[in-house]
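Containing mmCIF, C-alpha atoms: data_35.cif.
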data_work
loop_
_atom_site.label_atom_id
_atom_site.label_comp_id
_atom_site.auth_asym_id
_atom_site.auth_seq_id
_atom_site.Cartn_x
_atom_site.Cartn_y
_atom_site.Cartn_z
CA LEU A 19 107.22 174.08 -243.96
CA TYR A 20 108.37 170.55 -243.17
CA ILE A 21 106.09 167.53 -243.68
CA SER A 22 107.35 164.28 -242.31
CA PRO A 23 107.53 161.16 -244.52
CA THR A 24 104.89 159.51 -242.36
CA ALA A 25 102.49 162.35 -243.05
CA TRP A 26 103.20 162.15 -246.78
CA ARG A 27 102.55 158.42 -246.73
CA LEU A 28 99.26 159.05 -244.95
CA VAL A 29 98.26 161.66 -247.54
CA VAL A 30 99.10 159.26 -250.37
CA VAL A 31 97.14 156.40 -248.78
CA ILE A 32 94.10 158.61 -248.18
CA SER A 33 94.27 159.91 -251.77
CA ILE A 34 94.49 156.39 -253.17
CA ILE A 35 91.52 155.27 -251.06
CA PHE A 36 89.51 158.34 -252.05
CA PHE A 37 90.14 158.15 -255.81
CA SER A 38 89.75 154.36 -255.89
CA GLY A 39 86.38 154.85 -254.15
CA LYS A 40 85.37 157.39 -256.79
CA TRP A 41 86.40 155.02 -259.58
CA THR A 42 84.55 152.13 -257.91
CA THR A 43 81.28 154.02 -257.52
CA LYS A 44 81.50 155.22 -261.14
CA LYS A 45 82.00 151.65 -262.33
CA LEU A 46 79.21 150.31 -260.13
CA MET A 47 76.76 152.98 -261.28
CA LYS A 48 77.32 151.97 -264.92
CA ASP A 49 76.48 148.38 -264.03
CA LEU A 50 73.28 149.17 -262.12
CA LYS A 51 70.06 148.78 -264.13
CA VAL A 52 66.67 149.79 -262.74
CA THR A 53 63.37 148.71 -264.32
CA ILE A 54 60.10 150.23 -263.14
CA ASN A 55 57.14 147.88 -263.51
CA HIS A 56 53.91 149.88 -263.62
CA ALA A 57 51.86 147.96 -266.18
CA ASP A 58 48.74 148.64 -264.10
CA ALA A 59 49.04 152.37 -264.74
CA ILE A 60 46.24 153.88 -266.81
CA ASP A 61 48.83 155.80 -268.81
CA SER A 62 52.53 156.64 -268.45
CA SER A 63 51.92 159.18 -265.68
CA PHE A 64 48.64 158.23 -263.92
CA LEU A 65 48.63 155.07 -261.83
CA GLY A 66 44.94 155.24 -260.89
CA MET A 67 42.86 155.71 -257.77
CA ALA A 68 43.31 154.42 -254.24
CA ASN A 69 41.41 154.62 -251.00
CA LYS A 70 42.57 156.64 -248.04
CA ARG A 71 45.08 154.72 -245.87
CA GLU A 72 45.31 152.00 -248.51
CA GLU A 73 48.76 150.49 -248.82
CA MET A 74 50.37 150.80 -252.25
CA ASP A 75 53.40 149.03 -253.67
CA ILE A 76 55.13 150.10 -256.88
CA PRO A 77 57.36 147.23 -258.10
CA LEU A 78 60.91 147.77 -259.31
CA THR A 79 63.55 145.38 -260.60
CA LEU A 80 67.23 146.05 -259.87
CA THR A 81 70.00 144.30 -261.76
CA ASN A 82 73.74 144.30 -261.14
CA GLN A 83 75.17 143.71 -264.60
CA GLY A 84 78.77 143.74 -263.44
CA LYS A 85 81.24 141.40 -261.77
CA LEU A 86 81.58 143.46 -258.58
CA PRO A 87 79.16 143.40 -255.63
CA MET A 88 77.15 146.47 -254.67
CA PRO A 89 76.97 146.39 -250.85
CA PHE A 90 75.59 149.90 -250.21
CA ILE A 91 72.67 151.11 -252.34
CA THR A 92 70.20 153.73 -251.13
CA LEU A 93 66.97 154.41 -253.02
CA VAL A 94 65.31 157.77 -252.33
CA SER A 95 61.60 158.11 -253.19
CA GLU A 96 59.10 160.86 -252.46
CA SER A 97 55.35 161.27 -252.08
CA LEU A 98 54.09 164.83 -252.57
CA ILE A 99 50.65 166.36 -251.97
CA ASN A 100 49.68 170.03 -251.63
CA GLY A 101 53.32 171.04 -251.29
CA ARG A 102 53.95 168.58 -248.43
CA SER A 103 56.73 166.12 -249.14
CA HIS A 104 57.60 162.83 -247.48
CA LEU A 105 60.88 161.09 -248.35
CA ASN A 106 61.50 157.36 -248.07
CA ARG A 107 64.96 155.79 -248.03
CA ASP A 108 65.34 152.10 -248.81
CA LYS A 109 68.73 150.44 -248.34
CA LEU A 110 69.73 147.27 -250.15
CA SER A 111 72.67 145.43 -251.70
CA LEU A 112 73.28 143.38 -254.83
CA LEU A 113 75.63 140.50 -255.51
CA PRO A 114 77.49 140.29 -258.84
CA GLU A 115 75.09 139.67 -261.76
CA GLN A 116 72.14 139.50 -259.38
CA THR A 117 68.58 140.61 -260.16
CA ARG A 118 66.17 141.29 -257.31
CA PRO A 119 62.74 142.88 -256.93
CA LEU A 120 62.04 145.91 -254.78
CA PHE A 121 58.74 147.53 -253.84
CA LEU A 122 58.23 151.21 -253.17
CA HIS A 123 55.78 151.11 -250.27
CA PHE A 124 53.41 154.01 -249.59
CA VAL A 125 50.47 154.60 -247.28
CA GLN A 126 48.53 157.76 -248.13
CA GLU A 127 47.05 159.30 -244.99
CA ASN A 128 45.18 162.13 -246.72
CA ALA A 129 42.84 162.40 -249.67
CA GLY A 130 44.00 164.24 -252.78
CA LEU A 131 46.23 163.96 -255.83
CA TYR A 132 49.60 162.50 -254.89
CA THR A 133 52.76 162.57 -256.98
CA ILE A 134 54.97 159.58 -256.23
CA SER A 135 58.52 160.02 -257.50
CA LEU A 136 61.63 157.91 -257.66
CA LYS A 137 64.17 160.63 -256.92
CA GLU A 138 67.62 159.06 -257.04
CA PHE A 139 69.92 156.15 -256.31
CA ILE A 140 73.00 156.61 -254.13
CA LEU A 141 75.89 154.14 -254.44
CA HIS A 142 78.65 154.04 -251.81
CA ASP A 143 82.07 152.50 -252.15
CA TYR A 144 83.17 149.49 -250.13
CA LEU A 145 84.53 151.62 -247.25
CA TYR A 146 81.48 153.92 -247.24
CA LEU A 147 83.73 156.94 -247.77
CA THR A 148 82.62 158.18 -251.20
CA SER A 149 79.31 158.03 -253.02
CA ARG A 150 77.77 158.74 -256.40
CA LYS A 151 74.19 159.75 -257.16
CA LYS A 152 72.03 158.95 -260.14
CA GLU A 153 68.78 160.84 -260.65
CA MET A 154 65.70 158.90 -261.78
CA PRO A 155 63.26 161.20 -263.60
CA PHE A 156 60.22 159.04 -262.93
CA SER A 157 56.91 159.92 -261.27
CA LEU A 158 53.35 158.66 -261.11
CA LYS A 159 50.18 160.40 -259.98
CA VAL A 160 47.69 158.66 -257.70
CA LEU A 161 44.26 160.03 -256.83
CA VAL A 162 43.51 159.10 -253.21
CA LEU A 163 39.77 159.14 -252.61
CA PRO A 164 38.20 160.63 -249.49
CA ALA A 165 36.79 158.23 -246.92
CA LEU A 166 33.04 157.65 -247.24
CA TYR A 167 30.90 157.10 -244.17
CA PRO A 168 27.54 155.27 -244.02
CA LEU A 169 24.57 157.61 -243.62
CA ALA A 170 20.94 156.92 -242.78
CA MET A 171 19.08 159.06 -245.30
CA ASP A 172 15.37 158.67 -246.03
CA ILE A 173 14.89 159.89 -249.61
CA SER A 174 11.27 159.81 -250.67
CA SER A 175 10.15 158.81 -254.14
CA SER A 176 8.55 162.23 -254.59
CA LEU A 177 11.99 163.83 -254.20
CA ARG A 178 13.77 161.19 -256.26
CA TYR A 179 11.43 161.63 -259.23
CA PHE A 180 10.94 165.37 -258.89
CA GLY A 181 12.35 167.64 -261.58
CA ASP A 182 12.69 167.77 -265.33
CA GLU A 183 13.60 164.66 -267.26
CA MET A 184 16.87 164.71 -269.14
CA GLU A 185 17.72 163.15 -272.47
CA GLU A 186 19.90 160.58 -270.67
CA PHE A 187 18.54 157.27 -269.43
CA LEU A 188 19.72 154.93 -266.71
CA GLU A 189 21.45 151.85 -268.10
CA ASP A 190 20.23 149.29 -265.55
CA THR A 191 16.89 150.61 -264.27
CA GLU A 192 13.47 149.86 -265.72
CA GLY A 193 11.16 152.85 -265.95
CA ASN A 194 7.97 154.06 -267.56
CA ASP A 195 9.20 156.13 -270.49
CA PRO A 196 8.00 154.42 -273.70
CA SER A 197 10.31 156.59 -275.81
CA GLU A 198 13.33 154.57 -274.64
CA THR A 199 13.76 150.79 -274.76
CA LEU A 200 15.83 149.32 -271.97
CA ASP A 201 15.51 145.65 -272.93
CA ILE A 202 13.40 143.11 -274.81
CA ARG A 203 12.86 139.84 -272.93
CA PRO A 204 10.52 136.83 -272.84
CA TYR A 205 7.13 137.33 -271.19
CA GLN A 206 6.86 136.46 -267.50
CA ALA A 207 3.74 135.93 -265.40
CA GLY A 208 2.55 139.29 -264.08
CA ASP A 209 3.89 141.41 -266.94
CA LYS A 210 1.51 144.03 -268.30
CA LEU A 211 0.01 143.15 -271.65
CA SER A 212 0.47 146.76 -272.74
CA LYS A 213 4.24 146.14 -272.81
CA ILE A 214 4.10 143.24 -275.27
CA HIS A 215 6.57 143.73 -278.12
CA TRP A 216 4.36 142.67 -281.03
CA LYS A 217 7.07 142.62 -283.73
CA MET A 218 9.31 140.26 -281.74
CA THR A 219 6.29 138.19 -280.69
CA SER A 220 5.12 137.72 -284.31
CA ARG A 221 8.65 136.93 -285.47
CA THR A 222 9.34 134.25 -282.85
CA GLY A 223 5.85 132.97 -282.11
CA GLU A 224 6.42 133.58 -278.38
CA LEU A 225 5.41 136.50 -276.20
CA TYR A 226 8.09 139.13 -275.64
CA ILE A 227 8.00 142.17 -273.38
CA ARG A 228 9.55 145.56 -274.02
CA GLU A 229 11.04 147.16 -270.90
CA TYR A 230 10.91 150.95 -270.90
CA GLY A 231 13.81 153.16 -269.91
CA GLU A 232 14.04 155.40 -266.87
CA PRO A 233 15.12 158.99 -267.62
CA VAL A 234 17.68 160.67 -265.40
CA ARG A 235 16.17 163.26 -263.10
CA LEU A 236 18.33 165.72 -261.19
CA SER A 237 16.22 167.06 -258.37
CA VAL A 238 18.82 168.14 -255.78
CA VAL A 239 21.79 170.51 -255.78
CA LEU A 240 24.57 170.12 -253.20
CA LEU A 241 26.14 173.57 -252.91
CA LEU A 242 29.67 173.50 -251.52
CA ASP A 243 31.47 176.43 -249.93
CA LEU A 244 35.10 175.92 -250.95
CA SER A 245 36.26 178.70 -248.62
CA LYS A 246 35.53 176.26 -245.78
CA LEU A 247 37.01 173.27 -247.57
CA THR A 248 38.77 170.81 -245.28
CA GLU A 249 39.24 167.09 -245.66
CA ALA A 250 36.45 166.43 -243.13
CA TYR A 251 34.14 168.82 -245.02
CA LEU A 252 34.92 167.08 -248.33
CA GLU A 253 34.36 163.61 -246.85
CA ALA A 254 31.00 164.69 -245.42
CA ALA A 255 29.88 166.10 -248.77
CA MET A 256 31.07 163.02 -250.69
CA SER A 257 29.38 160.70 -248.18
CA ILE A 258 26.06 162.50 -248.71
CA SER A 259 26.49 162.36 -252.48
CA ALA A 260 27.40 158.64 -252.42
CA GLU A 261 24.36 157.76 -250.31
CA MET A 262 22.09 159.71 -252.67
CA VAL A 263 23.56 157.87 -255.66
CA SER A 264 23.02 154.50 -253.93
CA GLN A 265 19.33 155.41 -253.58
CA LYS A 266 19.20 156.59 -257.22
CA CYS A 267 18.61 160.18 -256.20
CA PHE A 268 20.80 161.80 -258.82
CA HIS A 269 21.85 165.39 -258.33
CA TYR A 270 24.25 168.24 -259.00
CA ILE A 271 27.30 169.27 -257.00
CA SER A 272 27.82 172.99 -257.36
CA TYR A 273 30.56 175.37 -256.20
CA ARG A 274 32.28 178.59 -257.18
CA ASP A 275 35.81 178.34 -258.55
CA THR A 276 38.67 180.73 -257.75
CA ASP A 277 37.33 183.20 -260.36
CA GLY A 278 33.87 183.22 -258.78
CA ILE A 279 32.29 181.26 -261.66
CA LEU A 280 29.58 178.84 -260.58
CA ILE A 281 30.50 175.27 -261.56
CA ARG A 282 27.85 172.57 -261.67
CA LYS A 283 28.69 168.88 -261.99
CA LYS A 284 26.14 166.24 -262.81
CA ILE A 285 26.26 163.20 -260.49
CA ILE A 286 24.50 160.17 -261.98
CA GLY A 287 26.78 157.42 -260.71
CA GLU A 288 29.81 156.64 -258.59
CA GLU A 289 32.29 157.34 -261.38
CA SER A 290 30.93 160.83 -261.98
CA MET A 291 31.65 161.71 -258.32
CA TYR A 292 35.39 161.62 -258.98
CA MET A 293 35.61 163.01 -262.50
#

Now, as a test, write the supplied structure out as structure tokens.
Amino acid sequence: LYISPTAWRLVVVISIIFFSGKWTTKKLMKDLKVTINHADAIDSSFLGMANKREEMDIPLTLTNQGKLPMPFITLVSESLINGRSHLNRDKLSLLPEQTRPLFLHFVQENAGLYTISLKEFILHDYLYLTSRKKEMPFSLKVLVLPALYPLAMDISSSLRYFGDEMEEFLEDTEGNDPSETLDIRPYQAGDKLSKIHWKMTSRTGELYIREYGEPVRLSVVLLLDLSKLTEAYLEAAMSISAEMVSQKCFHYISYRDTDGILIRKKIIGEESMYM
């Protein structure tokens, strides 16, 4: 087998280019520093809640600590929900000893628990012939809330105050239960004399009124059929629940889990809807 000198020279040149590219990407990867800024996260793995179709930006800081430029950097990130994955690829470059910010941009189209991951960085050499990857074991979870729609519901006081009283009391609503004190305040014209707080009045020499607490009543159960659960079904149920909460008609949401056990959640405020 005869190989001409020209062919050998070509093989040598290609080998030099290839191995120099490998050495370059190895050197560049050592000089690349990535800082993930997620101080707003509730803990190290949960970023918080977001609304459907709300734009989210997770800030990063990239630093080239070396003396060589990095012209070809590719950042691969992923958003994952219910087994469905969407990959994003951001391309950028860094000058020697440069620090620059970068934002991972996401728009969540569906409600649910998302896992947002920074998968890897890919560095290419100056001729874009060789590359080196660096995995980034970082992920955050984001709970994307279902969209709520305004509803015209007429909830009567007889329904709102029907049912057994619980041991819990509303924090910001005056009621008629003398066993619980909501607040003690100065007397105002029109206040009932039966609500005068005599100890505070005698101590200060001025009339004070004791506001009674309002016990929580749970008079309605929303029973969900999870076998028919779709995003539209969930948004309809949550919209009904939110409207009832806004009218202080507190209630239960009930459903059967995968084992057939009946689960009942107490809804006495907006926060309890998502817990």

With the PyMOL selection byres ((chain A and resi 119) around 9) as the selection, what would be picked from this file? Answer as a list in words, please.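 On this input, the PyMOL selection byres ((chain A and resi 119) around 9) captures Pro77, Leu78, Thr79, Leu80, Thr81, Thr117, Arg118, Leu120 and Phe121 of chain A.
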
Using the chain letters and numbering of this document, enumerate as number ranges by chain the residues selected by the PyMOL selection byres ((chain A and resi 130-137) around 7). A: 94-99, 128-129, 138, 153-163

Correct to one decimal, the distance CA of Arg221 (chain A)-CA of Ala207 (chain A) is 20.7 Å

Test item: residues at most 12 Å from Lys210 (chain A), all atoms listed in the file, excluding those fewer than 6 positions along its chain, as a ChimeraX atom specification: /A:194,225-230

Using only C-alpha atoms, pick whichever of A:Leu280, A:Ile202, A:Leu241, A:Leu169 has the shortest atom-to-atom distance to Ala260 (chain A). A:Leu169

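Taking CA of Asn69 (chain A) as the reference point, CA of Gln126 (chain A) is found at 8.3 Å.
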
Emit as lines of an AutoDock Vina configuration file the padded axis-aligned box for all listed atoms of region 35-49 of chain A, 8 Å per side, with centre and edge lengths in Å to one decimal.
center_x = 84.0
center_y = 153.4
center_z = -258.0
size_x = 31.0
size_y = 26.0
size_z = 29.9

Fewer than 3 positions away in the same chain doesn't count, so skip those; otherwise give me all residues within 10 Å of region 82-90 of chain A, counting only C-alpha atoms, as a count of residues only. 28

What separation in Å, quoted to one decimal, exists between CA of Phe124 (chain A) and CA of Asp108 (chain A)? 12.1 Å

With the PyMOL selection byres ((chain A and resi 123) around 9) as the selection, what would be picked from this file? Answer as an mmCIF file with C-alpha atoms, keeping the file's coordinate frame, please.
data_model
loop_
_atom_site.group_PDB
_atom_site.id
_atom_site.type_symbol
_atom_site.label_atom_id
_atom_site.label_comp_id
_atom_site.auth_asym_id
_atom_site.auth_seq_id
_atom_site.Cartn_x
_atom_site.Cartn_y
_atom_site.Cartn_z
ATOM 1 C CA GLU A 73 48.760 150.490 -248.820
ATOM 2 C CA MET A 74 50.370 150.800 -252.250
ATOM 3 C CA ASP A 75 53.400 149.030 -253.670
ATOM 4 C CA ILE A 76 55.130 150.100 -256.880
ATOM 5 C CA PRO A 77 57.360 147.230 -258.100
ATOM 6 C CA ASN A 106 61.500 157.360 -248.070
ATOM 7 C CA PHE A 121 58.740 147.530 -253.840
ATOM 8 C CA LEU A 122 58.230 151.210 -253.170
ATOM 9 C CA PHE A 124 53.410 154.010 -249.590
ATOM 10 C CA VAL A 125 50.470 154.600 -247.280
#

Pick from A:Tyr273, A:Thr199, A:Gln265, A:Ser220, whichever lies nearest to Leu247 (chain A) using all atoms listed in the file: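 Closest to Leu247 (chain A) of all the choices is A:Tyr273.
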
Measuring between all atoms listed in the file, which one of A:Asp172, A:Asp275, A:Glu289, A:Asp209 shows the shortest distance to Met262 (chain A)?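 For Met262 (chain A), the nearest of the candidates is A:Asp172.
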
Compile the contact shell of Thr222 (chain A) as an MDAnalysis selection string: residues with an atom at most 12 Å away, counting only C-alpha atoms, same-chain residues fewer than 5 positions apart removed. chainID A and resid 203:204 215:217

For Tyr205 (chain A), the closest of A:Ser38, A:Thr219, A:Thr24, A:Ser33 counting only C-alpha atoms is A:Thr219

Distance criterion (only C-alpha atoms): nearest to Leu105 (chain A) out of A:Leu242, A:Leu93, A:Gly287, A:Met67: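 Result for the nearest residue to Leu105 (chain A): A:Leu93.
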
Counting all atoms listed in the file, I want the residues whose atoms come within 6 Å of (24.5, 171.8, -255.3) in the file frame, returned as a count of residues only. 6

If you count all atoms listed in the file, the residue of A:Glu224, A:Lys284, A:Thr148, A:Ile258 closest to Ala170 (chain A) turns out to be A:Ile258
